[in-house]
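For reference, final_34.cif (mmCIF, C-alpha atoms and all ligand atoms):
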data_data
#
loop_
_atom_site.label_atom_id
_atom_site.label_comp_id
_atom_site.auth_asym_id
_atom_site.auth_seq_id
_atom_site.Cartn_x
_atom_site.Cartn_y
_atom_site.Cartn_z
CA MET N 169 60.36 85.42 132.04
CA GLY N 170 59.83 84.14 135.58
CA ALA N 171 57.89 81.05 136.64
CA ALA N 172 55.13 83.19 138.20
CA GLU N 173 54.64 85.08 134.91
CA LEU N 174 54.49 81.82 132.95
CA ALA N 175 51.91 80.42 135.38
CA GLY N 176 49.83 83.60 134.94
CA ILE N 177 49.90 83.17 131.14
CA ASP N 178 48.73 79.53 131.43
CA ARG N 179 45.99 80.50 133.83
CA LEU N 180 44.79 83.28 131.51
CA ALA N 181 44.56 80.80 128.60
CA GLU N 182 42.66 78.35 130.83
CA TYR N 183 40.32 81.10 131.97
CA ALA N 184 39.69 82.22 128.37
CA ALA N 185 38.79 78.63 127.43
CA ALA N 186 36.39 78.36 130.38
CA THR N 187 34.77 81.73 129.56
CA ALA N 188 34.00 80.62 125.99
CA ALA N 189 30.93 78.80 127.33
CA CYS N 190 29.72 81.61 129.62
CA THR N 191 25.95 81.94 130.08
CA ARG N 192 25.93 84.48 132.91
CA CYS N 193 23.69 86.92 131.03
CA ARG N 194 21.21 87.16 128.15
CA LEU N 195 23.94 88.22 125.69
CA ALA N 196 24.98 84.55 125.45
CA GLU N 197 21.86 83.91 123.35
CA GLY N 198 22.67 86.29 120.48
CA ARG N 199 26.44 86.14 120.27
CA THR N 200 28.52 84.34 117.66
CA GLN N 201 31.27 83.87 120.23
CA VAL N 202 32.74 85.26 123.44
CA VAL N 203 35.36 87.95 122.74
CA PHE N 204 37.66 87.39 125.68
CA GLY N 205 40.61 89.64 124.86
CA SER N 206 43.84 89.58 122.89
CA GLY N 207 47.46 90.67 122.99
CA ASP N 208 50.42 90.19 125.31
CA PRO N 209 49.18 88.28 128.39
CA SER N 210 51.86 89.88 130.52
CA ALA N 211 51.59 93.40 129.08
CA ASP N 212 52.38 96.46 131.21
CA LEU N 213 49.69 98.38 129.36
CA MET N 214 46.11 97.14 129.04
CA PHE N 215 43.17 98.77 127.24
CA VAL N 216 39.58 98.20 128.30
CA GLY N 217 36.82 99.15 125.87
CA GLU N 218 33.06 98.78 126.05
CA ALA N 219 31.78 95.69 124.24
CA PRO N 220 32.35 93.75 121.03
CA GLY N 221 30.64 95.08 117.92
CA PHE N 222 29.64 93.30 114.72
CA HIS N 223 33.16 92.54 113.46
CA GLU N 224 34.53 91.61 116.90
CA ASP N 225 31.65 89.17 117.41
CA LYS N 226 32.41 87.51 114.06
CA GLN N 227 36.19 87.37 114.48
CA GLY N 228 36.41 86.77 118.23
CA VAL N 229 38.98 89.57 118.65
CA PRO N 230 38.37 92.98 120.27
CA PHE N 231 38.77 96.23 118.33
CA VAL N 232 39.04 94.90 114.80
CA GLY N 233 36.54 97.34 113.23
CA GLN N 234 36.94 101.04 112.46
CA ALA N 235 37.56 101.97 116.11
CA GLY N 236 40.21 99.25 116.25
CA LYS N 237 42.00 100.69 113.22
CA LEU N 238 42.12 104.04 114.98
CA LEU N 239 43.38 102.40 118.17
CA GLU N 240 46.18 100.76 116.15
CA ARG N 241 47.08 104.12 114.61
CA LEU N 242 47.20 105.76 118.04
CA LEU N 243 49.39 102.93 119.33
CA ALA N 244 51.75 103.31 116.36
CA GLY N 245 52.03 107.01 117.25
CA ILE N 246 53.67 106.04 120.55
CA GLY N 247 55.79 103.28 119.02
CA LEU N 248 53.60 100.34 120.02
CA GLU N 249 51.70 97.59 118.21
CA ARG N 250 48.65 95.77 119.44
CA SER N 251 50.80 92.72 120.22
CA ASP N 252 52.69 94.87 122.79
CA VAL N 253 49.55 95.52 124.85
CA TYR N 254 46.50 93.60 126.03
CA ILE N 255 43.05 94.64 124.81
CA ALA N 256 39.75 93.62 126.39
CA ASN N 257 36.24 94.96 126.96
CA VAL N 258 33.85 95.46 129.87
CA LEU N 259 31.42 93.06 128.16
CA LYS N 260 32.72 89.94 126.47
CA CYS N 261 29.65 89.46 124.25
CA ARG N 262 28.07 91.74 121.67
CA PRO N 263 24.92 93.59 122.76
CA PRO N 264 22.26 93.34 120.03
CA GLY N 265 22.46 96.21 117.55
CA ASN N 266 25.51 97.55 119.44
CA ARG N 267 23.29 99.10 122.10
CA ASP N 268 24.79 100.29 125.40
CA PRO N 269 25.70 97.66 128.00
CA GLN N 270 22.93 97.24 130.60
CA PRO N 271 23.78 97.43 134.33
CA ASP N 272 22.88 93.77 134.94
CA GLU N 273 25.07 92.68 132.00
CA ILE N 274 28.01 94.64 133.39
CA GLU N 275 27.44 93.11 136.81
CA ALA N 276 27.29 89.60 135.34
CA CYS N 277 30.45 90.10 133.27
CA GLU N 278 32.69 92.18 135.54
CA ALA N 279 34.27 89.20 137.29
CA HIS N 280 35.78 88.12 133.95
CA LEU N 281 37.49 91.49 133.56
CA PHE N 282 38.65 91.59 137.19
CA HIS N 283 40.13 88.11 136.82
CA GLN N 284 41.91 89.12 133.60
CA LEU N 285 43.44 92.07 135.44
CA GLU N 286 44.60 89.79 138.27
CA LEU N 287 46.34 87.45 135.84
CA ILE N 288 47.82 90.02 133.43
CA GLN N 289 48.95 92.41 136.18
CA PRO N 290 49.33 95.50 133.97
CA LEU N 291 50.98 98.62 135.37
CA VAL N 292 48.61 100.96 133.55
CA VAL N 293 45.01 100.30 132.49
CA ALA N 294 43.73 102.73 129.86
CA THR N 295 39.95 102.80 130.08
CA LEU N 296 38.31 103.70 126.77
CA GLY N 297 35.09 105.64 127.28
CA ASN N 298 32.53 105.93 130.04
CA PHE N 299 31.64 102.32 130.75
CA ALA N 300 35.17 101.05 131.41
CA THR N 301 36.14 104.21 133.28
CA LYS N 302 33.15 104.15 135.64
CA LEU N 303 33.40 100.41 136.27
CA LEU N 304 37.11 100.35 137.08
CA SER N 305 37.29 103.65 138.95
CA GLY N 306 34.13 102.88 140.93
CA LYS N 307 33.23 106.55 140.50
CA PRO N 308 30.38 108.17 138.54
CA HIS N 309 32.53 110.83 136.87
CA GLY N 310 32.15 110.91 133.09
CA ILE N 311 34.98 110.63 130.59
CA THR N 312 34.74 114.26 129.48
CA ARG N 313 35.73 115.32 132.99
CA VAL N 314 38.41 112.73 133.79
CA HIS N 315 40.12 111.88 130.47
CA GLY N 316 43.88 112.30 130.42
CA THR N 317 44.23 112.29 134.21
CA PRO N 318 45.75 109.15 135.73
CA GLN N 319 44.08 107.88 138.88
CA GLU N 320 44.88 105.19 141.39
CA ALA N 321 42.36 102.39 141.80
CA THR N 322 42.15 99.06 143.55
CA VAL N 323 40.78 96.33 141.34
CA GLY N 324 40.29 93.06 143.19
CA SER N 325 43.41 92.71 145.28
CA ARG N 326 45.60 94.88 143.05
CA ARG N 327 46.44 98.53 142.92
CA VAL N 328 46.55 99.84 139.36
CA THR N 329 46.93 103.16 137.64
CA LEU N 330 43.88 103.92 135.53
CA TYR N 331 44.27 106.23 132.59
CA PRO N 332 40.86 107.26 131.23
CA LEU N 333 40.70 108.09 127.52
CA PHE N 334 37.96 109.00 125.08
CA HIS N 335 36.64 105.95 123.26
CA PRO N 336 38.18 105.75 119.75
CA ALA N 337 34.70 105.16 118.25
CA ALA N 338 33.62 108.55 119.62
CA ALA N 339 36.73 110.21 118.20
CA LEU N 340 36.27 108.71 114.73
CA TYR N 341 33.95 111.46 113.52
CA THR N 342 34.81 114.30 115.91
CA PRO N 343 38.14 115.93 114.98
CA ARG N 344 38.47 117.85 118.26
CA MET N 345 37.96 114.72 120.29
CA LEU N 346 40.51 112.92 118.13
CA GLN N 347 43.02 115.67 118.79
CA THR N 348 42.45 115.35 122.54
CA LEU N 349 42.75 111.57 122.32
CA GLU N 350 46.08 111.91 120.49
CA GLN N 351 47.35 114.32 123.14
CA ASP N 352 46.27 112.00 125.95
CA PHE N 353 47.87 109.03 124.17
CA ALA N 354 51.16 110.90 123.89
CA ARG N 355 51.43 110.84 127.71
CA ILE N 356 51.25 107.04 127.94
CA PRO N 357 55.01 106.32 127.54
CA ALA N 358 55.88 108.66 130.44
CA LEU N 359 53.16 107.10 132.55
CA LEU N 360 54.50 103.61 131.89
CA GLU N 361 57.98 104.75 132.81
CA ARG N 362 56.69 106.31 136.03
CA GLU N 363 54.92 103.11 137.01
CA ALA N 364 57.77 100.74 136.12
CA PRO N 365 59.26 99.13 139.23
CA ALA N 366 62.58 100.66 140.28
CA PRO N 367 65.53 98.53 139.16
CA ALA N 368 66.90 96.20 141.83
CA PRO N 369 69.67 97.88 143.84
CA VAL N 370 73.19 96.94 142.81
CA ILE N 371 74.72 95.01 145.70
CA PRO N 372 78.54 95.23 145.65
CA LEU N 373 80.24 91.86 145.51
CA PRO N 374 82.29 90.99 148.62
CA VAL N 375 85.95 91.80 148.22
CA ALA N 376 87.76 88.62 147.17
CA ALA N 377 89.78 86.99 149.96
CA PRO N 378 93.55 87.09 149.38
CA PRO N 379 94.80 83.92 147.67
CA VAL N 380 95.99 81.20 150.01
CA PRO N 381 99.72 80.70 149.40
CA ALA N 382 100.52 77.29 147.92
CA PRO N 383 102.32 75.03 150.37
CA ALA N 384 106.03 74.78 149.80
CA GLN N 385 107.23 71.90 147.60
CA ALA N 386 109.04 70.21 150.46
CA GLU N 387 105.83 70.10 152.60
CA GLN N 388 103.83 68.58 149.75
CA LEU N 389 106.42 65.84 149.28
CA GLY N 390 106.27 65.17 152.97
CA LEU N 391 102.68 64.03 152.64
CA PHE N 392 103.70 60.84 150.88
N1 LIG N 401 35.25 97.19 119.57
C1 LIG N 401 35.48 96.65 120.76
O1 LIG N 401 36.00 95.55 120.89
N2 LIG N 401 35.14 97.36 121.85
C2 LIG N 401 34.60 98.55 121.78
O2 LIG N 401 34.36 99.13 122.81
C3 LIG N 401 34.34 99.08 120.49
C4 LIG N 401 34.68 98.39 119.41
#
Written as structure tokens, how would this file's structure read?
Ligand code: URA
Amino acid sequence: MGAAELAGIDRLAEYAAATAACTRCRLAEGRTQVVFGSGDPSADLMFVGEAPGFHEDKQGVPFVGQAGKLLERLLAGIGLERSDVYIANVLKCRPPGNRDPQPDEIEACEAHLFHQLELIQPLVVATLGNFATKLLSGKPHGITRVHGTPQEATVGSRRVTLYPLFHPAAALYTPRMLQTLEQDFARIPALLEREAPAPAPVIPLPVAAPPVPAPAQAEQLGLF
């Protein structure tokens, strides 16, 4: 791991600590704690959901409820565990009664997500559901239209590949949506491979210079 990557990991931990006291919106009043995000801080693949629910608010970790179990199962289907990826949400605090995020809450919270993206530098960001997809794509198109189609986006100063997916919570009770989600998930490994930086070119080593012949014995003796 390079020094720049290590510095990014430290800065993410510092930023998480600073965010724990956030009061940028009304959700600070009802939360148990800020749910910043979890997983590999230098992951190539990042998931962005909507907002913490009851269990996430209690445990301080995203996607630990029923939708999280499904997300873990989908990850296992492509040979990954949650510790291989980074998982975060559009909102870092639970909306009361799990209602939809409000536009002013998203606006207040978005800088946290953008900063996370800057520090983690994922190659692919899988947006789960409408809220994450619309925020990060900057487009109004709904998830039903754009799921499973990678798109290029600029988030802050970085270009990333967005991969919109149905939200696992929506797929929990809708078998057809679950099937589509599984099919879309199956394309993630190829997408990661496509986005991986090309390996550094192999530069041939210079041909070794011919060995310098050792001076004759008589010359060496002559030095003394
Ligand atoms: N849990 C989360 O952390 N985010 C969601 O969007 C849903 C459940």
Can you write out as CSV which residues of chain N fall within 8 Å of ligand LIG 401 (chain N), alongside each residue's closest atom pair and its distance in Å to one decimal, counting only C-alpha atoms and all ligand atoms and ordering rows by chain and ascending residue number?
residue,atom,partner,partner_atom,distance
N:Val203,CA,N:LIG401,O1,7.8
N:Val216,CA,N:LIG401,O2,7.6
N:Gly217,CA,N:LIG401,O2,3.9
N:Glu218,CA,N:LIG401,O2,3.5
N:Ala219,CA,N:LIG401,N2,4.4
N:Pro220,CA,N:LIG401,O1,4.1
N:Gly221,CA,N:LIG401,N1,5.3
N:His223,CA,N:LIG401,N1,8.0
N:Glu224,CA,N:LIG401,O1,5.8
N:Val229,CA,N:LIG401,O1,7.0
N:Pro230,CA,N:LIG401,O1,3.6
N:Phe231,CA,N:LIG401,O1,3.8
N:Val232,CA,N:LIG401,N1,6.5
N:Gly233,CA,N:LIG401,N1,6.5
N:Gln234,CA,N:LIG401,C4,7.8
N:Ala235,CA,N:LIG401,C4,5.7
N:Gly236,CA,N:LIG401,N1,6.3
N:Ala256,CA,N:LIG401,O1,6.9
N:Asn257,CA,N:LIG401,N2,5.8
N:Val258,CA,N:LIG401,O2,8.0
N:Leu296,CA,N:LIG401,O2,7.2
N:Gly297,CA,N:LIG401,O2,7.9
N:His335,CA,N:LIG401,O2,7.2
N:Pro336,CA,N:LIG401,C3,7.7
N:Ala337,CA,N:LIG401,C3,6.5
With all atoms listed in the file as the basis for distance, which of N:Ala294, N:Tyr331, N:Leu349, N:Leu303 is at the shortest distance from Glu275 of chain N?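 Between N:Ala294, N:Tyr331, N:Leu349, N:Leu303, the residue approaching Glu275 of chain N most closely is N:Leu303.
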Pick from N:Ala171, N:Leu259, N:Val370, N:Leu238, whichever lies nearest to Asp225 of chain N using only C-alpha atoms: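 Of all the options, N:Leu259 lies closest to Asp225 of chain N.
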So what do you get for atom CA of Cys261 of chain N versus atom CA of Gly198 of chain N, distance-wise?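 For atom CA of Cys261 of chain N relative to atom CA of Gly198 of chain N, the distance reads 8.5 Å.
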For Phe334 of chain N, the nearest of the candidates N:Leu248, N:Leu285, N:Ala211, N:Leu239, counting all atoms listed in the file: N:Leu239
Would you compute the distance between atom CA of Glu173 of chain N and atom CA of Pro357 of chain N? Give it in Å to one decimal.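 Between these atoms lies a distance of 22.5 Å.
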Between atom CA of Pro367 of chain N and atom CA of Met169 of chain N, measure the distance and give it in Å to one decimal.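 Interatomic distance here is 15.8 Å.
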Skipping near chain neighbours, those fewer than 2 positions away, what residues fall within 8 Å of Glu286 of chain N using all atoms listed in the file, listed as a VMD selection string? chain N and resid 282 to 284 288 to 289 324 to 326
Segment 175-184 of chain N surroundings by all atoms listed in the file, 6 Å radius, close-in-sequence under 2 positions cut, as a PyMOL selection string: chain N and resi 172-173+186-187+209+287
Shell around Ser305 of chain N at 9 Å using all atoms listed in the file, local window under 6 positions removed, as a CSV table (one decimal) with C-alpha atoms, in the coordinates of the input:
chain,number,residue,atom,x,y,z
N,319,GLN,CA,44.1,107.9,138.9
N,320,GLU,CA,44.9,105.2,141.4
N,321,ALA,CA,42.4,102.4,141.8
N,322,THR,CA,42.2,99.1,143.6
N,323,VAL,CA,40.8,96.3,141.3
N,330,LEU,CA,43.9,103.9,135.5
Between N:Ala276, N:Ala366, N:Leu333, N:Val293, single out the one closest to Val314 of chain N, counting only C-alpha atoms.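 Of all the options, N:Leu333 lies closest to Val314 of chain N.
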Quick one: of N:Lys226, N:Lys237, N:Lys260, N:Arg362, who's nearest to Thr329 of chain N, counting all atoms listed in the file?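 Closest to Thr329 of chain N of all the choices is N:Arg362.
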Here is a test: counting only C-alpha atoms, which residue of N:Asp212, N:Gln227, N:Arg241, N:Gly207 is nearest to Leu346 of chain N?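 Going through N:Asp212, N:Gln227, N:Arg241, N:Gly207 one by one, the smallest distance to Leu346 of chain N is for N:Arg241.
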